[in-house]
Amino acid sequence: MKKVWREAETAAELLAAARGWRAAGLIGETAFSAISADLSSSGPRLGEIWRVLVFICVLVGVSTATVIGFISFGVRSAGGVGVTLLIFGVALATITDIVIDRSSFQPTGAEAATSLLSVGYLCAAVFVLLDDLHLGGHGALRLTYPWCASVFALAAWRWGFRLYAGVAALCVLLLASQFPGARAIWIAVAVLLAAWATVARTTRELTPSHRGGVDLVRIVALAAIYLAVNYYSVDKGFIEEIGRIAGAPPHHAGGVGLLLAGIGSALYPLAVLAWGLRARDRTLIGLGILAAALSLTTIRFYIHVAPLWVVLAASGAALAGTSLLLERWLRSGVDAERFGFSAAPLYDEGRRERLLPVAAALALAPAARVLPDEQTGVAGKGGAFGGGGATGSFS
Amino acid sequence: MNRSLLESVGRLKTRGILTDAQASFFGRTARGELVSVRIELQIALWAGVTLVAAGAGVLVKDNLAHLGPVTIGAGIALTAALCLWYVARVAPAFSWGPVASPTLAFDYVLLLGVLLIGTDLAYLETRYKLLGPNWPWHLFLLSLIQLAFAFRYDSRAVLSLSLASFAAWRGVALSISGGALFGRNEVAVRLNALAVGALFLAAGVLLDRAGRKAHFEPAFGNLGLLLLLGSAVAGAYGGDGHLDMIWFSTLVVISAATITLAYRARRSDYFAQGVIAAYLGFLRLAAEFHLEVGLFYLVSAGSFGVLILILWAHRRFKEEA
């Protein structure tokens, strides 16, 4: 990433933080204006809606222009398509650089679209070229995954799109699943990725987007470890299934493997949660809670502890009750904080806060009734009731 | 630790832009010594409410025949009453302006109470057939009850639920898991969606002009526009392989009006919806010409044309990113 891009990113991060502080009432308008004036390297920014519109237009426009290119150059053979995709991919990578460099607005959405198409074309080119060389199965995947991982990692490093870093980590894990003893290699690779990401985020001076990318790599790696130690995943052989050649017998877990998986399902979420609390890391805390919920769901899958409605209502009440008690406990601490945690908004996350209940309400909205003349002759056939999460039909 | 932010805070303090207290506070957050878990607590509350509401729904569905009607009906009603009692107890006085939630749980407890009322109403309707063949009216009744709660307690969430219930009464799904505007009996559903969308938009405009709960206008406006444009797009694409000129014309008129009015009013969210709908209409029209290679030229040129229009129009919408 170029120095000037790093400076612009850092300035944009500070400006976003200052907006959050202002909205939360932590700084006044004067201080905010002074901060804005101070940030000369932060150019004007397009709003989110505008960026989405630009992204869609550029994505569709360039994709169709690519098809026109294929037709105009008369490219028909697989080899020709592969080489053309490589050329287009490199050309789009150059265009992405130019857009980031020259555009007065940062970001615009256009660089996201061209970079996505660039990495997409570069990855697709290898698939097509290997197919042209009649190379398939494990051999082809063992070449394709490292290529894709390199392309995505390079794109994440150069342009700072954090999503690409996550995809690169996923490609590395998929490569690990292509070898014998896939689960052990998968875990080892995931542990290495998580360790690297943890060290990098604490010791290196990273730009905001690189920090986000490294965070995403860590999330992918930790989620991958959980996938490998979860009882249901071991029982069904999820990891082994990824690299299984068509026609080969499915993997069956042994007693020891299942025992270890049981222990892993119980301890891993607690370990991640404890790590998150100790490091005051919201991402790790969230991952730990999610893993714990998945482990409880796994238990429910194998052991019927109670009727479904009891499980749902009890776990819902416990979750809501715990969060309320936690909020009250944090609020009653000195300066409304305990052990470095607070329930007060430190930045204004107003938009997310406002959208969350609305999303919850719409997710639980009643299903639409079936209009009368659509019913096939049965009076009062019914429709759907809801509003309380109930979406079943009644008659 | 966020090193870049920490350095920026230090620089702002040196220049006197931030006070010592402010710099110390922001420095703690940048170093990760103080972390807010507010959003996480809210997500947990949301998940809790969802699970409890889902549990109540499963209870009604699975035990319709086994448990006595009084047990189920009264049980759910009692839980809903408890939720609403809490809400009534802590709620601030009514105001036509925005009212801040008194507690973190307020919105979610209100939402749970209202959802449980919906479950109870659905259960009573199923059990006693109070409305008989007119059972869909219970959705209308529910939407009115939810609307009353939304206005009294200034809840956007319950307002969204009310609008979704009203749309559901007219056979239109606004829920995330709901159906689309395609499928059987689609014309009737789309016509209903047009009418409901227009009604929502009109209600939003009225509230805004009257200055009564004017902050609810975006909810009415966005959902209304979504229905109007969504039904027109669905109509333009749903002609069994042929372009339905009536729906296409409707789409042209509605999207053009949306873009023009949003441009004048400087509403980027409405403008974006109008542009996306018009763009989808353009793609549908391009497909109708069966141009083969020419189609790609048309779509590519059209996309870049829309891009230029967007960048030109953006200058009018001065907004913070």
# chains A, B, ... in the order shown; residues from 1 in each chain; ligands from 1

$ select_by_dssp --residues "range 52-292 of chain A" --states "helix (DSSP H, G or I)" --output "MDAnalysis selection string"
chainID A and resid 52:73 78:102 110:132 137:159 162:176 182:203 208:229 231:236 238:242 255:279 282:292

$ interface_residues --of "chain B" --to "chain A" --cutoff "6 Å" --atoms "only C-alpha atoms" --output "number ranges by chain"
B: 17, 33-38, 41, 45, 48, 51-55, 57-59, 115-116, 118-119, 122, 133, 157, 161, 168, 171-173, 175-176, 178, 185, 296, 300, 303, 307, 321

$ residues_around --residues "Ile225 in chain A" --least-positions-apart "3" --cutoff "6 Å" --atoms "only C-alpha atoms" --output "list in words"
Ile187, Leu222 and Ala228 of chain A

$ write_last_selection --atoms "N, CA and C atoms" --output "PDB file, in the first residue's frame"
ATOM      1  N   ILE A 187      -6.263 -28.108  11.413  1.00  0.00           N
ATOM      2  CA  ILE A 187      -6.134 -27.485  12.742  1.00  0.00           C
ATOM      3  C   ILE A 187      -4.776 -26.790  12.868  1.00  0.00           C
ATOM      4  N   LEU A 222      -9.927 -18.952  13.776  1.00  0.00           N
ATOM      5  CA  LEU A 222     -10.540 -19.450  15.013  1.00  0.00           C
ATOM      6  C   LEU A 222     -11.843 -20.199  14.728  1.00  0.00           C
ATOM      7  N   ALA A 228     -13.315 -27.729  13.233  1.00  0.00           N
ATOM      8  CA  ALA A 228     -12.565 -28.982  13.280  1.00  0.00           C
ATOM      9  C   ALA A 228     -12.761 -29.744  14.584  1.00  0.00           C
TER      10      ALA A 228
END

$ atom_distance --atom1 "CA of Tyr108 in chain B" --atom2 "CA of Val49 in chain B"
6.8 Å

$ residues_around --residues "range 6-10 of chain B" --least-positions-apart "5" --cutoff "9 Å" --atoms "only C-alpha atoms" --output "count of residues only"
14

$ closest_atom_pairs --of "range 71-171 of chain B" --to "range 203-222 of chain B" --cutoff "9 Å" --atoms "only C-alpha atoms" --output "Markdown table"
| residue | atom | partner | partner_atom | distance |
| --- | --- | --- | --- | --- |
| B:Ser95 | CA | B:Lys213 | CA | 8.3 |
| B:Trp96 | CA | B:Lys213 | CA | 5.0 |
| B:Gly97 | CA | B:Lys213 | CA | 5.4 |
| B:Pro98 | CA | B:His215 | CA | 6.8 |
| B:Phe151 | CA | B:Lys213 | CA | 7.6 |
| B:Asp154 | CA | B:Lys213 | CA | 8.1 |
| B:Ser155 | CA | B:Phe216 | CA | 9.0 |
| B:Arg156 | CA | B:Phe216 | CA | 7.0 |
| B:Leu159 | CA | B:Ala219 | CA | 7.8 |
| B:Ser160 | CA | B:Ala219 | CA | 6.9 |
| B:Leu163 | CA | B:Phe220 | CA | 7.9 |

$ residues_around --residues "Phe140 in chain B" --least-positions-apart "4" --cutoff "7 Å" --atoms "only C-alpha atoms" --output "list of chain:residue names"
B:Leu144, B:Ser165, B:Phe166, B:Trp169
